[in-house]
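Participant: The following block contains the structure, expressed as structure tokens.
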Amino acid sequence: MNKNTKLLISAVIAAAALSACSSSSKEKPAAQPAPAPQQAAQQNQPFTPKTVKVDAIDSTKEVHYRCGQNGQDPLSVMYGFKGNEPVVAQVKYKNELTPNLFRVVGSSDDINAFWGGNVAWVAGRANLGNIDKVDGNMLTVRGKTTVNGKEEVVDQIVAKYCSVANSPAKAGKPAPKKPAAKSKTLISNSNRRN
């Protein structure tokens with residue numbers, strides 16, 4: 001017998017042995033049921049983080065940030081603290097307030113992550129004593145977009161590269177001055193006698 005024939009016979013014997021080990025039943029394995037539409041929708045949903053339950057807070061602190069590549073976008077966050085730890089945050093960006101964002105359970109040691117109402121705020125790890133000295137990271141909003149013709153749910157970045165601003169005036173435009181002279185003029189003109 002030549003070498004190729006020996007290999008062929010060995011392969012046939014191995015195949016026969018493996019088929020003998022398989023189920024002797026001629027039934028086909030039960031087909032897996034198609035996932036229900038609700039299950040399919042849940043499989044397409046991104047992970048929703050678990051957050052801490054907050055019944056009350058002990059104190060608050062507002063921090064102003066400059067976001068964007070050149071720090072051109074002002075953003076402020078009002079943090080709520082339980083003891084020394086931030087447990088809730090509310091972000092104000094472009095004159096819009098987020099819902100209350102609660103601290104994500106199991107955040108890593110180097111970040112504070114907050115989540116609520118499909119909005120996330122991530123900042124550097126901080127506590128009551130240093131939160132106004134630690135930079136933020138980014139603000140995201142969960143939304144829908146089309147990827148390869150299929151609608152997907154994704155977390156879209158709204159603001160990033162957020163660093164602590166030295167003061168609220170630096171974080172954004174200074175408040176417009178009120179035209180005080182004009183109102184004085186109106187009063188003095190109405191009191192004037194001709």
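Please note that chains go A, B, ... in the order of the structure tokens, that every chain numbers its residues from 1, and that ligands are numbered from 1 in the order shown.
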Excluding same-chain residues fewer than 2 positions from range 125-136 of chain A, what lies within 6 Å of it counting only C-alpha atoms, as a list in words?

Facilitator: Val63, Asn84, Glu85, Asp110, Ile111, Asn112, Ala123, Cys162, Ser163 and Val164 of chain A

Participant: Using only C-alpha atoms, which residues of range 78-153 of chain A come within 12 Å of range 48-60 of chain A, and what is the closest atom pair for each, with the distance in Å to one decimal? Give it as JSON lines, sorted by chain and residue number.

Facilitator:
{"residue": "A:Met78", "atom": "CA", "partner": "A:Thr60", "partner_atom": "CA", "distance": 6.7}
{"residue": "A:Tyr79", "atom": "CA", "partner": "A:Thr60", "partner_atom": "CA", "distance": 5.4}
{"residue": "A:Gly80", "atom": "CA", "partner": "A:Thr60", "partner_atom": "CA", "distance": 4.5}
{"residue": "A:Phe81", "atom": "CA", "partner": "A:Ser59", "partner_atom": "CA", "distance": 5.3}
{"residue": "A:Lys82", "atom": "CA", "partner": "A:Ile57", "partner_atom": "CA", "distance": 5.0}
{"residue": "A:Gly83", "atom": "CA", "partner": "A:Asp58", "partner_atom": "CA", "distance": 6.3}
{"residue": "A:Asn84", "atom": "CA", "partner": "A:Asp58", "partner_atom": "CA", "distance": 8.9}
{"residue": "A:Glu85", "atom": "CA", "partner": "A:Asp58", "partner_atom": "CA", "distance": 9.9}
{"residue": "A:Pro86", "atom": "CA", "partner": "A:Thr60", "partner_atom": "CA", "distance": 8.7}
{"residue": "A:Val87", "atom": "CA", "partner": "A:Val54", "partner_atom": "CA", "distance": 7.1}
{"residue": "A:Val88", "atom": "CA", "partner": "A:Val54", "partner_atom": "CA", "distance": 7.7}
{"residue": "A:Ala89", "atom": "CA", "partner": "A:Thr60", "partner_atom": "CA", "distance": 9.3}
{"residue": "A:Gln90", "atom": "CA", "partner": "A:Thr60", "partner_atom": "CA", "distance": 10.7}
{"residue": "A:Asn100", "atom": "CA", "partner": "A:Val54", "partner_atom": "CA", "distance": 10.4}
{"residue": "A:Leu101", "atom": "CA", "partner": "A:Thr51", "partner_atom": "CA", "distance": 8.8}
{"residue": "A:Phe102", "atom": "CA", "partner": "A:Thr51", "partner_atom": "CA", "distance": 5.7}
{"residue": "A:Arg103", "atom": "CA", "partner": "A:Thr51", "partner_atom": "CA", "distance": 5.4}
{"residue": "A:Val104", "atom": "CA", "partner": "A:Thr51", "partner_atom": "CA", "distance": 4.3}
{"residue": "A:Val105", "atom": "CA", "partner": "A:Thr51", "partner_atom": "CA", "distance": 5.0}
{"residue": "A:Gly106", "atom": "CA", "partner": "A:Lys50", "partner_atom": "CA", "distance": 8.4}
{"residue": "A:Ser107", "atom": "CA", "partner": "A:Thr51", "partner_atom": "CA", "distance": 9.6}
{"residue": "A:Asn112", "atom": "CA", "partner": "A:Thr51", "partner_atom": "CA", "distance": 11.6}
{"residue": "A:Ala113", "atom": "CA", "partner": "A:Thr51", "partner_atom": "CA", "distance": 9.3}
{"residue": "A:Phe114", "atom": "CA", "partner": "A:Thr51", "partner_atom": "CA", "distance": 7.7}
{"residue": "A:Trp115", "atom": "CA", "partner": "A:Thr51", "partner_atom": "CA", "distance": 7.0}
{"residue": "A:Gly116", "atom": "CA", "partner": "A:Thr51", "partner_atom": "CA", "distance": 8.4}
{"residue": "A:Gly117", "atom": "CA", "partner": "A:Thr48", "partner_atom": "CA", "distance": 10.3}
{"residue": "A:Asn118", "atom": "CA", "partner": "A:Thr48", "partner_atom": "CA", "distance": 8.5}
{"residue": "A:Val119", "atom": "CA", "partner": "A:Thr48", "partner_atom": "CA", "distance": 10.5}
{"residue": "A:Ala120", "atom": "CA", "partner": "A:Pro49", "partner_atom": "CA", "distance": 9.8}
{"residue": "A:Asn127", "atom": "CA", "partner": "A:Thr60", "partner_atom": "CA", "distance": 11.3}
{"residue": "A:Leu128", "atom": "CA", "partner": "A:Thr60", "partner_atom": "CA", "distance": 8.6}
{"residue": "A:Gly129", "atom": "CA", "partner": "A:Thr60", "partner_atom": "CA", "distance": 11.5}
{"residue": "A:Ile131", "atom": "CA", "partner": "A:Thr60", "partner_atom": "CA", "distance": 10.8}
{"residue": "A:Asp132", "atom": "CA", "partner": "A:Thr60", "partner_atom": "CA", "distance": 11.6}
{"residue": "A:Arg142", "atom": "CA", "partner": "A:Thr48", "partner_atom": "CA", "distance": 10.1}
{"residue": "A:Val153", "atom": "CA", "partner": "A:Thr48", "partner_atom": "CA", "distance": 11.6}

Participant: Mind giving me the straight-line distance from CA of Val154 in chain A to CA of Gln69 in chain A in Å, one decimal?

Facilitator: 22.3 Å

Participant: Would you mind telling me which residue in A:Val147, A:Asn137, A:Asp109, A:Thr98 lies nearest to Gly68 in chain A when using only C-alpha atoms?

Facilitator: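 Counting only C-alpha atoms, the residue closest to Gly68 in chain A is A:Asn137.
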
Participant: What does the structure give for the distance between CA of Lys144 in chain A and CA of Asp73 in chain A, in Å to one decimal?

Facilitator: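 One can read the CA of Lys144 in chain A to CA of Asp73 in chain A distance as 24.1 Å.
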
Participant: Taking only C-alpha atoms into account, name the residue in A:Ser76, A:Thr145, A:Ser108, A:Gln156 that is nearest to Asn95 in chain A.

Facilitator: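 The closest residue to Asn95 in chain A is A:Ser76.
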
Participant: Going by DSSP on the backbone, which residues of range 73-151 of chain A come out as strand (DSSP E or B)? List them as a PyMOL selection string.

Facilitator: chain A and resi 73-82+85-93+96-97+101-104+111-116+119-124+136-147+150-151

Participant: Record the distance separating CA of Glu62 in chain A and CA of Asp155 in chain A, expressed in Å with one decimal.

Facilitator: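 Distance between the two atoms: 25.1 Å.
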